Amino acid sequence: MTLRKPDPARTYADPALRRVARKIVQTRLGLVVERGLRAFWPALSLCAVGMAALVFGILTLPAWIGWAGLGLWGLALTVSLIAGWRVFRWPSHAEAVARVDETLPGRPLTALADDMALGGSDPASRALWQAHIARMTERAKTARAVRPNPDLAPRDPYALRLTAILLLVSALVFGAPSRMFENGALPGGTAPALAAMGPSWEGWAEPPRYTGQPGLYLNSLKTDTLTLPEGTRFSFRFYGDSRKIGFRESVSNPAVAPQDTSGTDVSRRDFEAVQSGIVEISGMAGRKFDIRISPDDAPEIRLTGAVERRADGKMVLPFHASDDYAVTSGQVRIQLDLAAIPRKFGLKVDPEPREALIYDLPMPYTGSRKAFDGSLVEDAEKHAWANLPVKLELEVTDGRGQTGSSGWQAIVLPGRRFFDPLASAFVEMRQDLLWNRGNAAYVSDILKALNNRAPDLIRSAEVRVLLRGVIGRLDQGLDTPEARDAMADMLWNMAELVEDGGLSNALERMQRAQERLSEAMRNGASQDEIDKLMQELKDATDDYIRMLAERDQTQGDPTQNQDQQSQQITGDQLQQMMDEIQRLMKEGRMAEAQELLEQFNRMMQNMKVTQGDGQGQGGRQMQNLRDTLREQQELSDDAFRNLQNGQQGQEGRSGQDSQNGQNNQNGQAQDAPPPSGSGQSLSDRQRALRQELDRQKGLLPNLGSAESDRARQRLDDAGEAMGRAEDALRKGDNGRALDNQAEAIQSLREGMQALNNAQNGEEQRQAGQQQQGQQGQMRDGEGGQGGQRAMPRDPLGRSAGDGNRVGTEENMLQGENPYGRARDLLDEIRRRQAERDRSAQERDYLDRLLDRF
């Protein structure tokens with residue numbers, strides 16, 4: 001058997017193998033592409049580069065550059081085409097068959113083209129041959145077209161083909177492909193042709209940001225009539241030779257010189273529209289816009305009510321601000337209204353110059369600022385102009401920088417008002433100092449007059465000491481504004497002490513609250529101030545009633561209880577009387593409210609109880625400390641008198657010696673005996689007081705409480721301050737001695753208060769234990785005398801209860817069915833709690849009752 005050359009006609013005679021012929025044709029075409037890419041890839045790369053240049057507008061360059069580039073590109077393309085044609089060879093059918101046959105096992109296509117050379121007459125040989133042909137036929141049916149494989153990487157080591165493809169893709173994505181097919185797309189083409197290659201201009205209109213309006217792209221607009229806010233920014237960009245494109249506009253400020261765009265290939269025009277007019281672009285693709293400008297009006301602001309003074313002295317200024325777009329900021333400016341101020345007393349002299357008060361107005365954090373209401377709350381109570389006539393002006397600004405003003409308005413600058421006459425006097429002297437430092441001597445004279453009446457006018461020893469310190473420093477002069485401000489702060493603190501603090505006795509606090517409320521009613525205080533003073537009176541009255549109840553429980557005086565039972569006053573009656581006073585004040589009936597307040601004062605005076613007679617160890621200790629405090633205050637008064645009499649650097653002298661100027665034989669000042677005539681010097685008296693305090697500290701009981709420890713600490717501080725005062729007196733430094741004595745007085749007061757709290761806590765603890773023991777005895781002895789015992793009552797007629805409790809649980813569950821009564825009460829509580837029209841406070845109280853029971 002011999003093999004012959006394949007015969008294609010015989011090979012595909014079988015219909016089943018005709019599809020193999022199609023695969024061979026496809027493979028042959030792939031060979032054409034493969035050999036073509038290998039031969040012509042440089043030419044194809046040059047074509048891609050040329051198309052990219054056209055898309056990117058290279059023909060719009062000057063003519064000589066365009067023609068030179070086009071010539072070089074054409075020469076390179078011709079050379080690459082010739083070189084490629086020389087190496088290109090058209091593939092034959094046999095080469096395609098061989099390419100496909102190589103991909104099949106056993107080369108079935110070659111086998112199918114063979115024929116038997118020998119053994120054709122032998123049946124066995126022919127059968128074997130037929131089986132071989134059938135097997136190859138089946139394999140040939142699995143033939144597939146072979147893909148082309150240019151394998152350009154070895155032929156293009158620098159990947160120039162990839163660079164050309166990248167340029168072409170970038171041009172198609174980011175360029176303008178339509179430019180290649182438009183008229184005039186030649187180097188050095190005419191201006192209309194260049195304009196037709198793409199948009200010759202672009203324009204944008206950007207309204208001011210504060211308007212909230214979006215920007216506009218003018219090329220995409222369908223309408224030529226635009227309504228824009230004032231201040232809109234126009235931006236135009238011109239491509240190509242701008243000298244071939246006409247432009248004019250009449251919306252900007254004529255005073256602004258136009259931009260010079262001559263001799264440029266890409267020009268720009270930016271301007272701000274301030275008036276209605278036109279914007280026109282002439283030439284190819286030109287447009288004309290009719291611009292209508294909406295004017296941006298200035299913002300407005302006004303007061304919506306009277307300037308208010310809160311109870312704490314802060315100023316409340318309600319206002320309304322508006323703008324056609326948005327208000328960006330605002331402020332209030334306050335100046336002294338000198339013409340409206342009565343020029344008398346300390347205000348006779350001209351005031352020292354001060355800058356205007358400027359406060360920023362609060363702006364809304366969220367929402368629109370086109371129109372809104374607001375309130376400025378500021379604290380100007382310590383300013384030199386507080387409670388004086390001033391002029392204020394509110395001013396707001398919009399996003400364009402335009403301002404609107406409310407105009408100057410005359411008001412009285414709100415500040416804290418002091419209703420205690422002494423506190424008011426201190427504040428007035430403070431204002432005189434802040435008005436002009438030249439008033440220092442005048443203020444010193446007034447304060448000296450107050451100091452002469454200090455025992456009658458000033459109840460607080462701390463205030464008396466501070467007053468003497470202020471007088472001493474004023475006499476030394478106020479050389480700087482800082483020294484003036486320091487004195488003003490001390491006077492303010494003294495006024496606050498007189499007005500608010502320093503009253504430990506409940507009755508005094510209640511009386512002071514009544515006096516302040518009465519003074520406020522006479523001076524025409526605001527409703528907010530009256531409400532605050534009324535609340536202080538209620539709180540002080542509650543403290544006084546509580547003090548009376550505790551005093552009755554601890555003293556246990558049956559006679560006093562009988563008297564109180566005969567003249568009982570219930571808490572409801574007191575509350576009704578206070579409500580009636582408040583109602584009369586709200587209705588403006590101040591005379592009737594004043595009369596009812598005086599009745600209330602007399603009624604509370606009738607309930608006054610005296611302090612204990614000092615029986616017991618605790619009472620004696622407190623009395624000794626009070627004596628020490630009083631002697632320290634007297635010693636401080638004597639030291640201050642010596643300082644006033646010019647005895648700086650000397651020990652204190654007696655009043656007679658200081659008046660007569662008598663000296664001893666050595667020419668030195670004699671020690672001034674105290675008013676009591678003890679003959680001791682000030683330093684000796686201070687040493688004796690310190691030693692007495694040390695002795696009293698050793699007798700204090702150890703109550704083991706935090707208040708007891710605090711009392712010991714404060715008394716130790718007082719002893720150290722006394723020691724420093726003694727050293728200062730021996731050195732003749734009365735000014736420093738006064739400061740240390742003031743510190744000692746304050747420490748003594750705080751120590752006595754802490755000791756009193758500690759003793760009251762111990763007494764309550766012991767009383768509670770005693771009450772528990774008495775309750776146990778009562779339970780053990782029930783039945784005797786009918787099991788009845790008299791319950792103590794407080795001044796309001798309420799049962800004082802057992803221990804520290806108000807009221808008892810006696811006779812709570814009476815009747816035939818107490819448990820049914822309890823269920824009825826719970827049902828009633830639940831019913832009331834379910835009523836949604838009740839106040840939140842009442843429903844919260846009912847919830848707590850249900851949770852407890």
# chains A, B, ... in the order shown; residues from 1 in each chain; ligands from 1

call {"tool": "residues_around", "arguments": {"residues": "A:Pro362", "least_positions_apart": "5", "cutoff": "8 Å", "atoms": "only C-alpha atoms", "output": "VMD selection string"}}
result
chain A and resid 330 374 to 376

call {"tool": "residues_around", "arguments": {"residues": "A:Pro351", "least_positions_apart": "2", "cutoff": "8 Å", "atoms": "only C-alpha atoms", "output": "number ranges by chain"}}
result
A: 347, 349, 353, 435-436

call {"tool": "write_last_selection", "arguments": {"atoms": "N, CA, C and O atoms", "output": "CSV table (one decimal), in the first residue's frame"}}
result
chain,number,residue,atom,x,y,z
A,347,LEU,N,-22.1,112.5,88.3
A,347,LEU,CA,-22.1,112.6,86.9
A,347,LEU,C,-22.0,114.0,86.4
A,347,LEU,O,-22.2,114.3,85.2
A,349,VAL,N,-19.1,115.8,86.2
A,349,VAL,CA,-17.9,115.9,85.4
A,349,VAL,C,-18.2,115.2,84.1
A,349,VAL,O,-19.1,114.3,83.9
A,353,PRO,N,-13.7,108.8,78.0
A,353,PRO,CA,-14.2,108.2,76.7
A,353,PRO,C,-14.2,106.7,76.8
A,353,PRO,O,-13.2,106.1,77.3
A,435,TRP,N,-17.5,106.3,85.8
A,435,TRP,CA,-17.8,107.5,85.0
A,435,TRP,C,-16.5,108.3,84.8
A,435,TRP,O,-16.2,108.7,83.7
A,436,ASN,N,-15.8,108.5,85.9
A,436,ASN,CA,-14.6,109.3,85.8
A,436,ASN,C,-13.8,109.0,87.0
A,436,ASN,O,-14.3,109.0,88.2

call {"tool": "residues_around", "arguments": {"residues": "stretch 418-426 of chain A", "least_positions_apart": "5", "cutoff": "12 Å", "atoms": "only C-alpha atoms", "output": "ChimeraX atom specification"}}
result
/A:311-313,381,387,431-433,443-444,446-447,449-451,453-454,456-460,463-464,466-467,470,487-501,511-525,529-530,533

call {"tool": "residues_around", "arguments": {"residues": "A:Arg248", "least_positions_apart": "5", "cutoff": "12 Å", "atoms": "only C-alpha atoms", "output": "PyMOL selection string"}}
result
chain A and resi 236+258-259+269+271+277-282+286-289

call {"tool": "write_last_selection", "arguments": {"atoms": "all heavy atoms", "output": "short mmCIF file (atom, residue, chain, number, x, y, z; two decimals), in the first residue's frame"}}
result
data_model
loop_
_atom_site.label_atom_id
_atom_site.label_comp_id
_atom_site.auth_asym_id
_atom_site.auth_seq_id
_atom_site.Cartn_x
_atom_site.Cartn_y
_atom_site.Cartn_z
N PHE A 236 -16.89 84.15 29.59
CA PHE A 236 -16.90 83.72 28.19
C PHE A 236 -15.48 83.30 27.79
O PHE A 236 -14.50 83.95 28.17
CB PHE A 236 -17.39 84.83 27.26
CG PHE A 236 -18.87 85.08 27.36
CD1 PHE A 236 -19.38 86.00 28.25
CD2 PHE A 236 -19.75 84.37 26.55
CE1 PHE A 236 -20.74 86.23 28.33
CE2 PHE A 236 -21.11 84.58 26.63
CZ PHE A 236 -21.61 85.51 27.53
N PRO A 258 -12.75 97.37 29.40
CA PRO A 258 -12.83 96.04 28.78
C PRO A 258 -11.46 95.39 28.71
O PRO A 258 -10.43 96.06 28.67
CB PRO A 258 -13.38 96.33 27.39
CG PRO A 258 -13.00 97.74 27.11
CD PRO A 258 -13.05 98.45 28.42
N GLN A 259 -11.46 94.06 28.68
CA GLN A 259 -10.22 93.31 28.64
C GLN A 259 -9.64 93.33 27.22
O GLN A 259 -10.36 93.29 26.24
CB GLN A 259 -10.45 91.87 29.10
CG GLN A 259 -11.02 91.76 30.49
CD GLN A 259 -11.26 90.31 30.86
OE1 GLN A 259 -10.79 89.41 30.20
NE2 GLN A 259 -12.02 90.11 31.93
N ARG A 269 -13.55 86.68 28.51
CA ARG A 269 -14.23 87.88 28.99
C ARG A 269 -14.96 87.51 30.28
O ARG A 269 -15.80 86.61 30.28
CB ARG A 269 -15.24 88.38 27.96
CG ARG A 269 -14.62 88.99 26.72
CD ARG A 269 -14.07 90.37 27.01
NE ARG A 269 -13.56 91.01 25.80
CZ ARG A 269 -14.30 91.81 25.03
NH1 ARG A 269 -15.55 92.04 25.34
NH2 ARG A 269 -13.78 92.34 23.95
N PHE A 271 -17.06 89.41 33.54
CA PHE A 271 -17.62 90.65 34.04
C PHE A 271 -18.81 90.32 34.93
O PHE A 271 -19.34 89.20 34.93
CB PHE A 271 -18.04 91.57 32.89
CG PHE A 271 -18.98 90.94 31.91
CD1 PHE A 271 -20.35 91.01 32.07
CD2 PHE A 271 -18.48 90.27 30.80
CE1 PHE A 271 -21.21 90.43 31.17
CE2 PHE A 271 -19.34 89.68 29.88
CZ PHE A 271 -20.70 89.76 30.07
N GLY A 277 -29.61 94.49 30.22
CA GLY A 277 -29.02 94.82 28.93
C GLY A 277 -28.93 93.58 28.06
O GLY A 277 -29.72 92.63 28.21
N ILE A 278 -27.98 93.60 27.12
CA ILE A 278 -27.80 92.48 26.19
C ILE A 278 -26.37 91.99 26.25
O ILE A 278 -25.45 92.72 26.64
CB ILE A 278 -28.15 92.89 24.74
CG1 ILE A 278 -27.21 94.00 24.27
CG2 ILE A 278 -29.61 93.30 24.64
CD1 ILE A 278 -27.33 94.29 22.77
N VAL A 279 -26.20 90.73 25.86
CA VAL A 279 -24.89 90.12 25.66
C VAL A 279 -24.96 89.44 24.30
O VAL A 279 -25.78 88.53 24.09
CB VAL A 279 -24.55 89.10 26.76
CG1 VAL A 279 -23.24 88.41 26.44
CG2 VAL A 279 -24.47 89.78 28.11
N GLU A 280 -24.10 89.89 23.35
CA GLU A 280 -24.19 89.41 21.96
C GLU A 280 -22.84 88.89 21.51
O GLU A 280 -21.80 89.55 21.70
CB GLU A 280 -24.66 90.53 21.04
CG GLU A 280 -24.83 90.09 19.59
CD GLU A 280 -25.33 91.21 18.70
OE1 GLU A 280 -25.46 92.35 19.22
OE2 GLU A 280 -25.59 90.96 17.52
N ILE A 281 -22.85 87.69 20.87
CA ILE A 281 -21.67 87.11 20.24
C ILE A 281 -22.00 86.99 18.75
O ILE A 281 -22.96 86.30 18.38
CB ILE A 281 -21.32 85.73 20.82
CG1 ILE A 281 -21.11 85.84 22.34
CG2 ILE A 281 -20.09 85.17 20.16
CD1 ILE A 281 -22.30 85.43 23.13
N SER A 282 -21.24 87.67 17.92
CA SER A 282 -21.48 87.66 16.48
C SER A 282 -20.54 86.69 15.79
O SER A 282 -19.56 86.24 16.37
CB SER A 282 -21.31 89.06 15.90
OG SER A 282 -19.99 89.55 16.14
N GLY A 286 -23.04 82.46 16.53
CA GLY A 286 -23.25 83.55 17.45
C GLY A 286 -24.66 83.57 18.02
O GLY A 286 -25.60 82.99 17.46
N ARG A 287 -24.81 84.23 19.18
CA ARG A 287 -26.11 84.34 19.83
C ARG A 287 -26.22 85.70 20.50
O ARG A 287 -25.21 86.37 20.79
CB ARG A 287 -26.32 83.24 20.87
CG ARG A 287 -26.40 81.85 20.29
CD ARG A 287 -26.73 80.84 21.34
NE ARG A 287 -28.09 81.02 21.87
CZ ARG A 287 -28.65 80.18 22.76
NH1 ARG A 287 -27.96 79.16 23.21
NH2 ARG A 287 -29.87 80.39 23.18
N LYS A 288 -27.47 86.07 20.77
CA LYS A 288 -27.74 87.33 21.45
C LYS A 288 -28.68 87.04 22.62
O LYS A 288 -29.76 86.49 22.43
CB LYS A 288 -28.38 88.32 20.48
CG LYS A 288 -28.69 89.68 21.12
CD LYS A 288 -29.31 90.62 20.10
CE LYS A 288 -29.63 91.97 20.73
NZ LYS A 288 -30.25 92.89 19.74
N PHE A 289 -28.25 87.43 23.85
CA PHE A 289 -29.01 87.17 25.07
C PHE A 289 -29.57 88.49 25.59
O PHE A 289 -28.85 89.50 25.67
CB PHE A 289 -28.14 86.53 26.14
CG PHE A 289 -27.64 85.16 25.78
CD1 PHE A 289 -26.37 84.99 25.25
CD2 PHE A 289 -28.45 84.05 25.97
CE1 PHE A 289 -25.91 83.74 24.92
CE2 PHE A 289 -27.98 82.79 25.65
CZ PHE A 289 -26.72 82.63 25.12
#

call {"tool": "residues_around", "arguments": {"residues": "A:Leu478", "least_positions_apart": "2", "cutoff": "12 Å", "atoms": "only C-alpha atoms", "output": "ChimeraX atom specification"}}
result
/A:433-434,436-441,443-444,470-476,480-488

call {"tool": "write_last_selection", "arguments": {"atoms": "N, CA, C and O atoms", "output": "short mmCIF file (atom, residue, chain, number, x, y, z; two decimals), in the first residue's frame"}}
result
data_model
loop_
_atom_site.label_atom_id
_atom_site.label_comp_id
_atom_site.auth_asym_id
_atom_site.auth_seq_id
_atom_site.Cartn_x
_atom_site.Cartn_y
_atom_site.Cartn_z
N LEU A 433 -17.37 106.02 89.97
CA LEU A 433 -15.95 105.75 89.72
C LEU A 433 -15.71 105.39 88.25
O LEU A 433 -14.75 105.84 87.63
N LEU A 434 -16.58 104.54 87.69
CA LEU A 434 -16.42 104.16 86.30
C LEU A 434 -16.70 105.33 85.36
O LEU A 434 -16.18 105.37 84.24
N ASN A 436 -15.82 108.52 85.89
CA ASN A 436 -14.59 109.29 85.79
C ASN A 436 -13.77 109.01 87.04
O ASN A 436 -14.28 109.04 88.16
N ARG A 437 -12.50 108.72 86.85
CA ARG A 437 -11.63 108.45 88.00
C ARG A 437 -11.48 109.66 88.91
O ARG A 437 -11.08 109.52 90.07
N GLY A 438 -11.79 110.85 88.38
CA GLY A 438 -11.70 112.03 89.22
C GLY A 438 -12.72 112.05 90.34
O GLY A 438 -12.61 112.87 91.27
N ASN A 439 -13.70 111.16 90.31
CA ASN A 439 -14.70 111.07 91.38
C ASN A 439 -14.21 110.28 92.58
O ASN A 439 -15.00 110.01 93.49
N ALA A 440 -12.95 109.86 92.59
CA ALA A 440 -12.46 109.01 93.68
C ALA A 440 -12.60 109.70 95.03
O ALA A 440 -13.04 109.09 96.02
N ALA A 441 -12.23 110.99 95.11
CA ALA A 441 -12.34 111.71 96.39
C ALA A 441 -13.80 111.85 96.81
O ALA A 441 -14.15 111.67 97.99
N VAL A 443 -16.32 109.87 95.98
CA VAL A 443 -16.82 108.56 96.41
C VAL A 443 -16.27 108.20 97.78
O VAL A 443 -16.98 107.64 98.62
N SER A 444 -15.00 108.55 98.04
CA SER A 444 -14.41 108.26 99.34
C SER A 444 -15.15 108.99 100.45
O SER A 444 -15.41 108.41 101.53
N VAL A 470 -11.81 99.60 100.85
CA VAL A 470 -12.05 100.44 99.67
C VAL A 470 -11.74 101.90 99.99
O VAL A 470 -11.12 102.61 99.17
N ILE A 471 -12.14 102.36 101.15
CA ILE A 471 -11.87 103.75 101.51
C ILE A 471 -10.37 104.01 101.56
O ILE A 471 -9.87 105.03 101.06
N GLY A 472 -9.61 103.07 102.15
CA GLY A 472 -8.17 103.26 102.23
C GLY A 472 -7.51 103.33 100.87
O GLY A 472 -6.63 104.16 100.62
N ARG A 473 -7.96 102.49 99.96
CA ARG A 473 -7.35 102.50 98.63
C ARG A 473 -7.78 103.72 97.82
O ARG A 473 -7.00 104.24 97.01
N LEU A 474 -8.99 104.19 98.02
CA LEU A 474 -9.42 105.41 97.33
C LEU A 474 -8.63 106.61 97.80
O LEU A 474 -8.32 107.52 97.00
N ASP A 475 -8.33 106.66 99.07
CA ASP A 475 -7.54 107.79 99.58
C ASP A 475 -6.14 107.80 99.00
O ASP A 475 -5.51 108.86 98.90
N GLN A 476 -5.63 106.63 98.61
CA GLN A 476 -4.31 106.56 98.01
C GLN A 476 -4.32 107.01 96.54
O GLN A 476 -3.27 107.29 95.98
N THR A 480 -4.46 104.32 87.57
CA THR A 480 -4.61 103.58 86.32
C THR A 480 -6.05 103.09 86.18
O THR A 480 -6.77 102.95 87.19
N PRO A 481 -6.47 102.83 84.96
CA PRO A 481 -7.81 102.24 84.78
C PRO A 481 -7.95 100.89 85.45
O PRO A 481 -9.04 100.52 85.89
N GLU A 482 -6.85 100.14 85.55
CA GLU A 482 -6.92 98.84 86.21
C GLU A 482 -7.26 98.99 87.69
O GLU A 482 -8.05 98.22 88.24
N ALA A 483 -6.65 99.99 88.35
CA ALA A 483 -6.96 100.23 89.76
C ALA A 483 -8.41 100.67 89.93
O ALA A 483 -9.10 100.25 90.88
N ARG A 484 -8.89 101.50 89.00
CA ARG A 484 -10.30 101.91 89.06
C ARG A 484 -11.23 100.69 88.92
O ARG A 484 -12.20 100.55 89.65
N ASP A 485 -10.94 99.82 87.96
CA ASP A 485 -11.79 98.65 87.75
C ASP A 485 -11.75 97.72 88.95
O ASP A 485 -12.76 97.08 89.29
N ALA A 486 -10.59 97.62 89.61
CA ALA A 486 -10.51 96.77 90.80
C ALA A 486 -11.40 97.31 91.92
O ALA A 486 -12.09 96.55 92.60
N MET A 487 -11.41 98.62 92.11
CA MET A 487 -12.29 99.21 93.12
C MET A 487 -13.76 99.02 92.74
O MET A 487 -14.62 98.78 93.60
N ALA A 488 -14.05 99.13 91.45
CA ALA A 488 -15.43 98.92 91.01
C ALA A 488 -15.88 97.49 91.28
O ALA A 488 -17.02 97.25 91.70
#

call {"tool": "select_by_dssp", "arguments": {"residues": "stretch 267-502 of chain A", "states": "strand (DSSP E or B)", "output": "ChimeraX atom specification"}}
result
/A:267-272,277-282,287-294,300-303,308-309,315-322,327-336,357-360,371-378,389-398,403-405,409-412

call {"tool": "residues_around", "arguments": {"residues": "A:Asp627", "least_positions_apart": "3", "cutoff": "12 Å", "atoms": "only C-alpha atoms", "output": "list of chain:residue names"}}
result
A:Arg620, A:Gln621, A:Met622, A:Gln623, A:Asn624, A:Arg630, A:Glu631, A:Gln632, A:Gln633, A:Glu634, A:Leu689, A:Glu692, A:Leu693, A:Gln696, A:Ile745, A:Leu748, A:Arg749, A:Met752

call {"tool": "residues_around", "arguments": {"residues": "stretch 392-401 of chain A", "least_positions_apart": "3", "cutoff": "6 Å", "atoms": "only C-alpha atoms", "output": "PyMOL selection string"}}
result
chain A and resi 210+327-334+404-409
